[in-house]
file structure.txt (compact mmCIF, N, CA and C atoms)
# COMPACT_ATOMS: atom_id res chain seq x y z
N MET A 23 92.34 98.77 126.30
CA MET A 23 92.31 99.60 125.13
C MET A 23 93.46 100.60 125.20
N ASN A 24 94.19 100.78 124.11
CA ASN A 24 95.27 101.75 124.03
C ASN A 24 94.71 103.11 123.63
N TYR A 25 95.28 104.15 124.21
CA TYR A 25 94.90 105.51 123.87
C TYR A 25 96.12 106.24 123.34
N ILE A 26 95.93 107.03 122.31
CA ILE A 26 97.01 107.83 121.74
C ILE A 26 96.53 109.27 121.66
N LEU A 27 97.33 110.17 122.19
CA LEU A 27 97.02 111.60 122.15
C LEU A 27 98.02 112.24 121.19
N LYS A 28 97.51 112.92 120.17
CA LYS A 28 98.35 113.60 119.19
C LYS A 28 98.02 115.08 119.21
N GLY A 29 99.04 115.89 118.97
CA GLY A 29 98.80 117.32 118.94
C GLY A 29 99.99 118.07 118.39
N LYS A 30 99.88 119.38 118.43
CA LYS A 30 100.96 120.24 117.97
C LYS A 30 101.03 121.43 118.92
N LEU A 31 102.21 121.67 119.47
CA LEU A 31 102.41 122.79 120.38
C LEU A 31 102.99 123.97 119.61
N HIS A 32 102.43 125.13 119.89
CA HIS A 32 102.97 126.34 119.29
C HIS A 32 102.74 127.50 120.26
N SER A 33 103.53 128.53 120.09
CA SER A 33 103.33 129.75 120.86
C SER A 33 102.68 130.77 119.94
N ALA A 34 101.94 131.68 120.52
CA ALA A 34 101.25 132.67 119.70
C ALA A 34 101.16 133.99 120.45
N ILE A 35 101.74 135.02 119.88
CA ILE A 35 101.58 136.36 120.42
C ILE A 35 100.23 136.90 119.98
N CYS A 36 99.86 136.57 118.75
CA CYS A 36 98.54 136.88 118.22
C CYS A 36 98.21 135.78 117.20
N ASP A 37 97.01 135.78 116.69
CA ASP A 37 96.58 134.72 115.79
C ASP A 37 97.46 134.57 114.55
N ASP A 38 98.03 135.67 114.08
CA ASP A 38 98.84 135.63 112.85
C ASP A 38 100.31 135.30 113.11
N GLN A 39 100.71 135.20 114.36
CA GLN A 39 102.13 135.00 114.69
C GLN A 39 102.34 133.74 115.52
N GLN A 40 102.07 132.59 114.95
CA GLN A 40 102.26 131.33 115.65
C GLN A 40 103.60 130.73 115.27
N LYS A 41 104.32 130.23 116.28
CA LYS A 41 105.60 129.57 116.04
C LYS A 41 105.59 128.22 116.75
N PRO A 42 106.08 127.16 116.09
CA PRO A 42 106.09 125.84 116.73
C PRO A 42 107.04 125.82 117.92
N LEU A 43 106.77 124.94 118.85
CA LEU A 43 107.64 124.72 120.01
C LEU A 43 108.38 123.40 119.80
N PRO A 44 109.53 123.44 119.14
CA PRO A 44 110.25 122.20 118.85
C PRO A 44 110.99 121.66 120.07
N PHE A 45 111.11 120.35 120.12
CA PHE A 45 111.91 119.64 121.12
C PHE A 45 111.54 120.04 122.55
N THR A 46 110.24 120.11 122.80
CA THR A 46 109.68 120.47 124.11
C THR A 46 109.09 119.23 124.75
N GLN A 47 109.36 119.02 126.02
CA GLN A 47 108.85 117.84 126.72
C GLN A 47 107.37 118.06 127.07
N VAL A 48 106.57 117.05 126.77
CA VAL A 48 105.14 117.06 127.05
C VAL A 48 104.85 115.94 128.04
N ARG A 49 104.21 116.27 129.13
CA ARG A 49 103.86 115.27 130.15
C ARG A 49 102.36 115.31 130.42
N LEU A 50 101.77 114.14 130.54
CA LEU A 50 100.34 114.02 130.87
C LEU A 50 100.24 113.51 132.30
N TYR A 51 99.48 114.23 133.12
CA TYR A 51 99.31 113.86 134.52
C TYR A 51 97.84 113.62 134.82
N GLN A 52 97.61 112.75 135.77
CA GLN A 52 96.26 112.51 136.28
C GLN A 52 95.86 113.73 137.12
N LEU A 53 94.61 114.17 136.98
CA LEU A 53 94.11 115.28 137.79
C LEU A 53 94.08 114.87 139.26
N GLU A 54 94.40 115.80 140.14
CA GLU A 54 94.29 115.50 141.56
C GLU A 54 92.96 115.99 142.13
N GLU A 55 92.28 116.83 141.36
CA GLU A 55 91.02 117.37 141.82
C GLU A 55 89.88 116.37 141.58
N GLU A 56 88.72 116.75 142.01
CA GLU A 56 87.54 115.91 141.82
C GLU A 56 87.21 115.75 140.34
N THR A 57 86.39 114.78 140.01
CA THR A 57 86.05 114.45 138.64
C THR A 57 85.46 115.64 137.88
N ASN A 58 84.65 116.46 138.52
CA ASN A 58 84.01 117.59 137.84
C ASN A 58 85.02 118.64 137.38
N ALA A 59 86.21 118.61 137.93
CA ALA A 59 87.24 119.58 137.53
C ALA A 59 87.63 119.39 136.08
N SER A 60 87.56 118.17 135.58
CA SER A 60 87.94 117.94 134.18
C SER A 60 87.01 118.70 133.23
N THR A 61 85.74 118.83 133.58
CA THR A 61 84.81 119.60 132.76
C THR A 61 85.20 121.08 132.75
N ALA A 62 85.59 121.59 133.91
CA ALA A 62 86.01 123.00 133.99
C ALA A 62 87.28 123.23 133.18
N TYR A 63 88.21 122.31 133.24
CA TYR A 63 89.45 122.44 132.46
C TYR A 63 89.14 122.41 130.96
N ALA A 64 88.25 121.56 130.54
CA ALA A 64 87.92 121.46 129.12
C ALA A 64 87.25 122.72 128.60
N ALA A 65 86.49 123.40 129.44
CA ALA A 65 85.76 124.60 129.03
C ALA A 65 86.60 125.87 129.15
N ALA A 66 87.71 125.81 129.88
CA ALA A 66 88.52 127.00 130.12
C ALA A 66 89.35 127.39 128.90
N GLN A 67 89.69 128.65 128.81
CA GLN A 67 90.59 129.12 127.76
C GLN A 67 92.01 128.73 128.14
N SER A 68 92.83 128.47 127.13
CA SER A 68 94.19 127.98 127.39
C SER A 68 95.00 128.94 128.26
N LYS A 69 94.79 130.23 128.12
CA LYS A 69 95.55 131.19 128.92
C LYS A 69 95.22 131.08 130.41
N GLU A 70 94.08 130.48 130.75
CA GLU A 70 93.70 130.29 132.14
C GLU A 70 94.31 129.03 132.74
N LEU A 71 94.89 128.18 131.91
CA LEU A 71 95.39 126.88 132.37
C LEU A 71 96.90 126.80 132.48
N ILE A 72 97.61 127.80 132.00
CA ILE A 72 99.07 127.74 132.00
C ILE A 72 99.59 127.77 133.43
N GLN A 73 100.49 126.83 133.72
CA GLN A 73 101.12 126.75 135.03
C GLN A 73 102.60 126.48 134.84
N VAL A 74 103.41 127.09 135.69
CA VAL A 74 104.84 126.82 135.70
C VAL A 74 105.15 126.07 136.98
N PHE A 75 105.85 124.95 136.84
CA PHE A 75 106.16 124.12 138.00
C PHE A 75 107.65 124.14 138.30
N GLU A 76 107.98 124.21 139.57
CA GLU A 76 109.37 124.09 140.03
C GLU A 76 109.73 122.61 140.09
N GLU A 77 111.01 122.33 140.19
CA GLU A 77 111.50 120.94 140.25
C GLU A 77 110.82 120.15 141.37
N LYS A 78 110.64 120.77 142.53
CA LYS A 78 109.98 120.10 143.67
C LYS A 78 108.55 119.70 143.32
N ASP A 79 107.83 120.59 142.63
CA ASP A 79 106.46 120.30 142.22
C ASP A 79 106.41 119.10 141.28
N LEU A 80 107.38 119.02 140.36
CA LEU A 80 107.42 117.91 139.41
C LEU A 80 107.66 116.59 140.13
N LYS A 81 108.50 116.60 141.14
CA LYS A 81 108.76 115.38 141.91
C LYS A 81 107.50 114.94 142.66
N ASP A 82 106.74 115.91 143.17
CA ASP A 82 105.49 115.60 143.87
C ASP A 82 104.45 115.02 142.92
N ARG A 83 104.48 115.41 141.67
CA ARG A 83 103.50 114.95 140.66
C ARG A 83 103.90 113.63 140.02
N GLU A 84 105.12 113.18 140.26
CA GLU A 84 105.66 112.00 139.57
C GLU A 84 104.75 110.78 139.66
N LYS A 85 104.12 110.59 140.80
CA LYS A 85 103.25 109.40 140.97
C LYS A 85 101.98 109.48 140.13
N ARG A 86 101.63 110.68 139.65
CA ARG A 86 100.43 110.86 138.82
C ARG A 86 100.75 110.96 137.33
N LEU A 87 102.03 110.73 136.96
CA LEU A 87 102.43 110.80 135.55
C LEU A 87 101.80 109.65 134.76
N ILE A 88 101.13 109.99 133.67
CA ILE A 88 100.48 108.99 132.82
C ILE A 88 101.34 108.67 131.62
N ALA A 89 101.89 109.70 130.98
CA ALA A 89 102.72 109.50 129.78
C ALA A 89 103.56 110.74 129.54
N GLU A 90 104.63 110.58 128.77
CA GLU A 90 105.44 111.73 128.38
C GLU A 90 106.09 111.48 127.03
N THR A 91 106.37 112.58 126.34
CA THR A 91 107.01 112.53 125.02
C THR A 91 107.67 113.87 124.77
N THR A 92 108.29 114.03 123.61
CA THR A 92 108.94 115.28 123.21
C THR A 92 108.42 115.67 121.84
N THR A 93 108.19 116.95 121.64
CA THR A 93 107.73 117.42 120.34
C THR A 93 108.86 117.31 119.31
N ASP A 94 108.48 117.19 118.04
CA ASP A 94 109.48 117.14 116.98
C ASP A 94 109.82 118.57 116.54
N ALA A 95 110.56 118.71 115.46
CA ALA A 95 111.00 120.02 114.98
C ALA A 95 109.84 120.94 114.60
N ARG A 96 108.68 120.37 114.28
CA ARG A 96 107.50 121.16 113.91
C ARG A 96 106.56 121.38 115.09
N GLY A 97 106.93 120.91 116.29
CA GLY A 97 106.09 121.05 117.47
C GLY A 97 105.05 119.97 117.62
N ALA A 98 105.06 118.97 116.72
CA ALA A 98 104.08 117.88 116.78
C ALA A 98 104.51 116.83 117.81
N TYR A 99 103.53 116.21 118.44
CA TYR A 99 103.83 115.14 119.40
C TYR A 99 102.77 114.05 119.31
N GLU A 100 103.13 112.89 119.82
CA GLU A 100 102.21 111.75 119.91
C GLU A 100 102.54 111.02 121.20
N CYS A 101 101.54 110.85 122.05
CA CYS A 101 101.71 110.17 123.34
C CYS A 101 100.87 108.91 123.36
N SER A 102 101.49 107.81 123.67
CA SER A 102 100.77 106.56 123.85
C SER A 102 100.56 106.37 125.34
N ILE A 103 99.32 106.15 125.74
CA ILE A 103 98.99 106.02 127.17
C ILE A 103 98.94 104.54 127.53
N ASP A 104 99.70 104.20 128.55
CA ASP A 104 99.80 102.82 129.03
C ASP A 104 98.41 102.36 129.49
N PRO A 105 97.85 101.31 128.86
CA PRO A 105 96.51 100.84 129.24
C PRO A 105 96.45 100.23 130.63
N LYS A 106 97.60 99.92 131.22
CA LYS A 106 97.62 99.36 132.57
C LYS A 106 97.42 100.42 133.64
N LYS A 107 97.65 101.67 133.28
CA LYS A 107 97.43 102.75 134.23
C LYS A 107 95.95 103.06 134.26
N THR A 108 95.39 103.19 135.45
CA THR A 108 93.96 103.44 135.58
C THR A 108 93.72 104.66 136.46
N GLY A 109 92.48 105.08 136.54
CA GLY A 109 92.10 106.16 137.43
C GLY A 109 92.26 107.55 136.85
N TYR A 110 92.38 107.66 135.54
CA TYR A 110 92.53 108.99 134.97
C TYR A 110 91.34 109.33 134.09
call {"tool": "encode", "arguments": {"input": "structure.txt", "output": "structure tokens"}}
result
Amino acid sequence: MNYILKGKLHSAICDDQQKPLPFTQVRLYQLEEETNASTAYAAAQSKELIQVFEEKDLKDREKRLIAETTTDARGAYECSIDPKKTGY
């Protein structure tokens, strides 16, 4: 079965001041934590999930990369997940 993840990235200083994030790379990675961690991530507020990764960290995560894409001028993206990849 093919999976497609669609969304729109934007930055927000406050609810009334949202700006799209155009031409931004979006990467989907498999969680390295236990299965129950996905429930905690889903329930968390977005400000609790933001992480900045150094180049070394990205190389270490490369084997867990599921899909990647780039946002368009409006910050919209669509990721098609390879059905051959499993374990996510």
call {"tool": "select_by_dssp", "arguments": {"input": "structure.txt", "residues": "stretch 26-92 of chain A", "states": "helix (DSSP H, G or I)", "output": "list in words"}}
result
Ala59, Ser60, Thr61, Ala62, Tyr63, Ala64, Ala65, Ser68, Lys69, Glu70, Glu77, Lys78, Asp79, Leu80, Lys81, Asp82, Arg83, Glu84, Lys85 and Arg86 of chain A
call {"tool": "atom_distance", "arguments": {"input": "structure.txt", "atom1": "atom C of A:Leu27", "atom2": "atom C of A:Leu53"}}
result
18.7 Å
call {"tool": "residues_near_point", "arguments": {"input": "structure.txt", "point": "(100.4, 122.3, 120.3)", "cutoff": "8 Å", "atoms": "all atoms listed in the file", "output": "ChimeraX atom specification"}}
result
/A:28-33,42-43,97-99
call {"tool": "atom_distance", "arguments": {"input": "structure.txt", "atom1": "atom N of A:Gln47", "atom2": "atom N of A:Thr93"}}
result
5.0 Å
call {"tool": "select_by_dssp", "arguments": {"input": "structure.txt", "residues": "chain A", "states": "strand (DSSP E or B)", "output": "list of chain:residue names"}}
result
A:Tyr25, A:Ile26, A:Leu27, A:Lys28, A:Gly29, A:Lys30, A:His32, A:Ser33, A:Ala34, A:Gln40, A:Lys41, A:Pro42, A:Gln47, A:Val48, A:Arg49, A:Leu50, A:Tyr51, A:Leu87, A:Ile88, A:Ala89, A:Glu90, A:Thr91, A:Thr92, A:Ala98, A:Tyr99, A:Glu100, A:Cys101, A:Ser102, A:Ile103
call {"tool": "decode", "arguments": {"input": "structure.txt", "residues": "stretch 23-109 of chain A", "atoms": "C-alpha atoms", "output": "PDB file, in the first residue's frame"}}
result
ATOM      1  CA  MET A  23       0.000   0.000   0.000  1.00  0.00           C
ATOM      2  CA  ASN A  24       1.315   3.477  -0.883  1.00  0.00           C
ATOM      3  CA  TYR A  25       1.187   6.241   1.696  1.00  0.00           C
ATOM      4  CA  ILE A  26       1.170   9.947   0.932  1.00  0.00           C
ATOM      5  CA  LEU A  27       1.721  12.620   3.562  1.00  0.00           C
ATOM      6  CA  LYS A  28       0.548  16.131   2.655  1.00  0.00           C
ATOM      7  CA  GLY A  29       0.904  19.276   4.687  1.00  0.00           C
ATOM      8  CA  LYS A  30       1.825  22.918   4.837  1.00  0.00           C
ATOM      9  CA  LEU A  31       4.738  24.364   6.788  1.00  0.00           C
ATOM     10  CA  HIS A  32       4.537  27.823   8.243  1.00  0.00           C
ATOM     11  CA  SER A  33       6.161  29.831  10.986  1.00  0.00           C
ATOM     12  CA  ALA A  34       4.094  31.661  13.556  1.00  0.00           C
ATOM     13  CA  ILE A  35       5.088  34.271  16.099  1.00  0.00           C
ATOM     14  CA  CYS A  36       1.457  34.335  17.174  1.00  0.00           C
ATOM     15  CA  ASP A  37      -1.799  32.963  15.767  1.00  0.00           C
ATOM     16  CA  ASP A  38      -2.391  36.059  13.617  1.00  0.00           C
ATOM     17  CA  GLN A  39       1.128  36.188  12.151  1.00  0.00           C
ATOM     18  CA  GLN A  40       1.688  33.008  10.149  1.00  0.00           C
ATOM     19  CA  LYS A  41       4.103  32.990   7.221  1.00  0.00           C
ATOM     20  CA  PRO A  42       4.701  30.057   4.837  1.00  0.00           C
ATOM     21  CA  LEU A  43       8.097  28.358   4.769  1.00  0.00           C
ATOM     22  CA  PRO A  44       8.826  28.166   1.034  1.00  0.00           C
ATOM     23  CA  PHE A  45      11.457  25.894  -0.513  1.00  0.00           C
ATOM     24  CA  THR A  46      12.219  24.108   2.768  1.00  0.00           C
ATOM     25  CA  GLN A  47      13.429  20.511   2.811  1.00  0.00           C
ATOM     26  CA  VAL A  48      11.136  18.093   4.661  1.00  0.00           C
ATOM     27  CA  ARG A  49      12.454  14.696   5.734  1.00  0.00           C
ATOM     28  CA  LEU A  50      10.554  11.831   7.351  1.00  0.00           C
ATOM     29  CA  TYR A  51      12.548   9.524   9.610  1.00  0.00           C
ATOM     30  CA  GLN A  52      11.728   6.300  11.381  1.00  0.00           C
ATOM     31  CA  LEU A  53      11.582   6.716  15.171  1.00  0.00           C
ATOM     32  CA  GLU A  54      14.501   5.183  17.018  1.00  0.00           C
ATOM     33  CA  GLU A  55      12.619   5.015  20.288  1.00  0.00           C
ATOM     34  CA  GLU A  56      10.197   2.344  21.397  1.00  0.00           C
ATOM     35  CA  THR A  57       6.753   2.075  19.806  1.00  0.00           C
ATOM     36  CA  ASN A  58       5.001   3.911  22.663  1.00  0.00           C
ATOM     37  CA  ALA A  59       7.057   7.016  21.902  1.00  0.00           C
ATOM     38  CA  SER A  60       4.942   7.670  18.815  1.00  0.00           C
ATOM     39  CA  THR A  61       1.903   8.200  21.061  1.00  0.00           C
ATOM     40  CA  ALA A  62       3.834  10.729  23.146  1.00  0.00           C
ATOM     41  CA  TYR A  63       4.966  12.576  20.015  1.00  0.00           C
ATOM     42  CA  ALA A  64       1.411  12.720  18.682  1.00  0.00           C
ATOM     43  CA  ALA A  65       0.099  14.174  21.953  1.00  0.00           C
ATOM     44  CA  ALA A  66       2.913  16.723  22.404  1.00  0.00           C
ATOM     45  CA  GLN A  67       2.690  20.373  21.417  1.00  0.00           C
ATOM     46  CA  SER A  68       4.755  21.298  18.377  1.00  0.00           C
ATOM     47  CA  LYS A  69       7.003  23.623  20.388  1.00  0.00           C
ATOM     48  CA  GLU A  70       8.087  20.588  22.442  1.00  0.00           C
ATOM     49  CA  LEU A  71       9.170  18.654  19.340  1.00  0.00           C
ATOM     50  CA  ILE A  72      11.418  21.133  17.548  1.00  0.00           C
ATOM     51  CA  GLN A  73      14.964  19.872  17.146  1.00  0.00           C
ATOM     52  CA  VAL A  74      17.958  21.278  15.311  1.00  0.00           C
ATOM     53  CA  PHE A  75      20.371  18.737  13.882  1.00  0.00           C
ATOM     54  CA  GLU A  76      24.018  19.196  12.938  1.00  0.00           C
ATOM     55  CA  GLU A  77      25.404  17.658   9.739  1.00  0.00           C
ATOM     56  CA  LYS A  78      26.867  14.725  11.736  1.00  0.00           C
ATOM     57  CA  ASP A  79      23.449  13.974  13.250  1.00  0.00           C
ATOM     58  CA  LEU A  80      21.860  13.923   9.784  1.00  0.00           C
ATOM     59  CA  LYS A  81      24.446  11.422   8.549  1.00  0.00           C
ATOM     60  CA  ASP A  82      23.722   9.201  11.568  1.00  0.00           C
ATOM     61  CA  ARG A  83      19.975   9.331  10.782  1.00  0.00           C
ATOM     62  CA  GLU A  84      20.425   8.580   7.068  1.00  0.00           C
ATOM     63  CA  LYS A  85      19.683   4.863   7.480  1.00  0.00           C
ATOM     64  CA  ARG A  86      16.292   5.715   9.057  1.00  0.00           C
ATOM     65  CA  LEU A  87      15.208   8.115   6.276  1.00  0.00           C
ATOM     66  CA  ILE A  88      11.766   7.153   4.948  1.00  0.00           C
ATOM     67  CA  ALA A  89      11.050   9.978   2.492  1.00  0.00           C
ATOM     68  CA  GLU A  90      11.978  13.557   1.663  1.00  0.00           C
ATOM     69  CA  THR A  91      10.600  16.456  -0.355  1.00  0.00           C
ATOM     70  CA  THR A  92      10.727  20.257  -0.585  1.00  0.00           C
ATOM     71  CA  THR A  93       7.932  22.705   0.137  1.00  0.00           C
ATOM     72  CA  ASP A  94       6.601  24.863  -2.690  1.00  0.00           C
ATOM     73  CA  ALA A  95       6.322  28.675  -2.674  1.00  0.00           C
ATOM     74  CA  ARG A  96       3.262  28.470  -0.381  1.00  0.00           C
ATOM     75  CA  GLY A  97       4.944  26.078   2.087  1.00  0.00           C
ATOM     76  CA  ALA A  98       2.881  23.087   0.891  1.00  0.00           C
ATOM     77  CA  TYR A  99       4.476  19.665   0.519  1.00  0.00           C
ATOM     78  CA  GLU A 100       3.556  16.124  -0.475  1.00  0.00           C
ATOM     79  CA  CYS A 101       5.654  13.080   0.440  1.00  0.00           C
ATOM     80  CA  SER A 102       5.168   9.682  -1.101  1.00  0.00           C
ATOM     81  CA  ILE A 103       6.400   6.904   1.186  1.00  0.00           C
ATOM     82  CA  ASP A 104       8.107   3.962  -0.469  1.00  0.00           C
ATOM     83  CA  PRO A 105       5.933   0.882   0.287  1.00  0.00           C
ATOM     84  CA  LYS A 106       9.053  -1.318   0.265  1.00  0.00           C
ATOM     85  CA  LYS A 107      10.371   0.386   3.376  1.00  0.00           C
ATOM     86  CA  THR A 108       9.081  -1.282   6.520  1.00  0.00           C
ATOM     87  CA  GLY A 109       9.381  -0.930  10.278  1.00  0.00           C
TER      88      GLY A 109
END
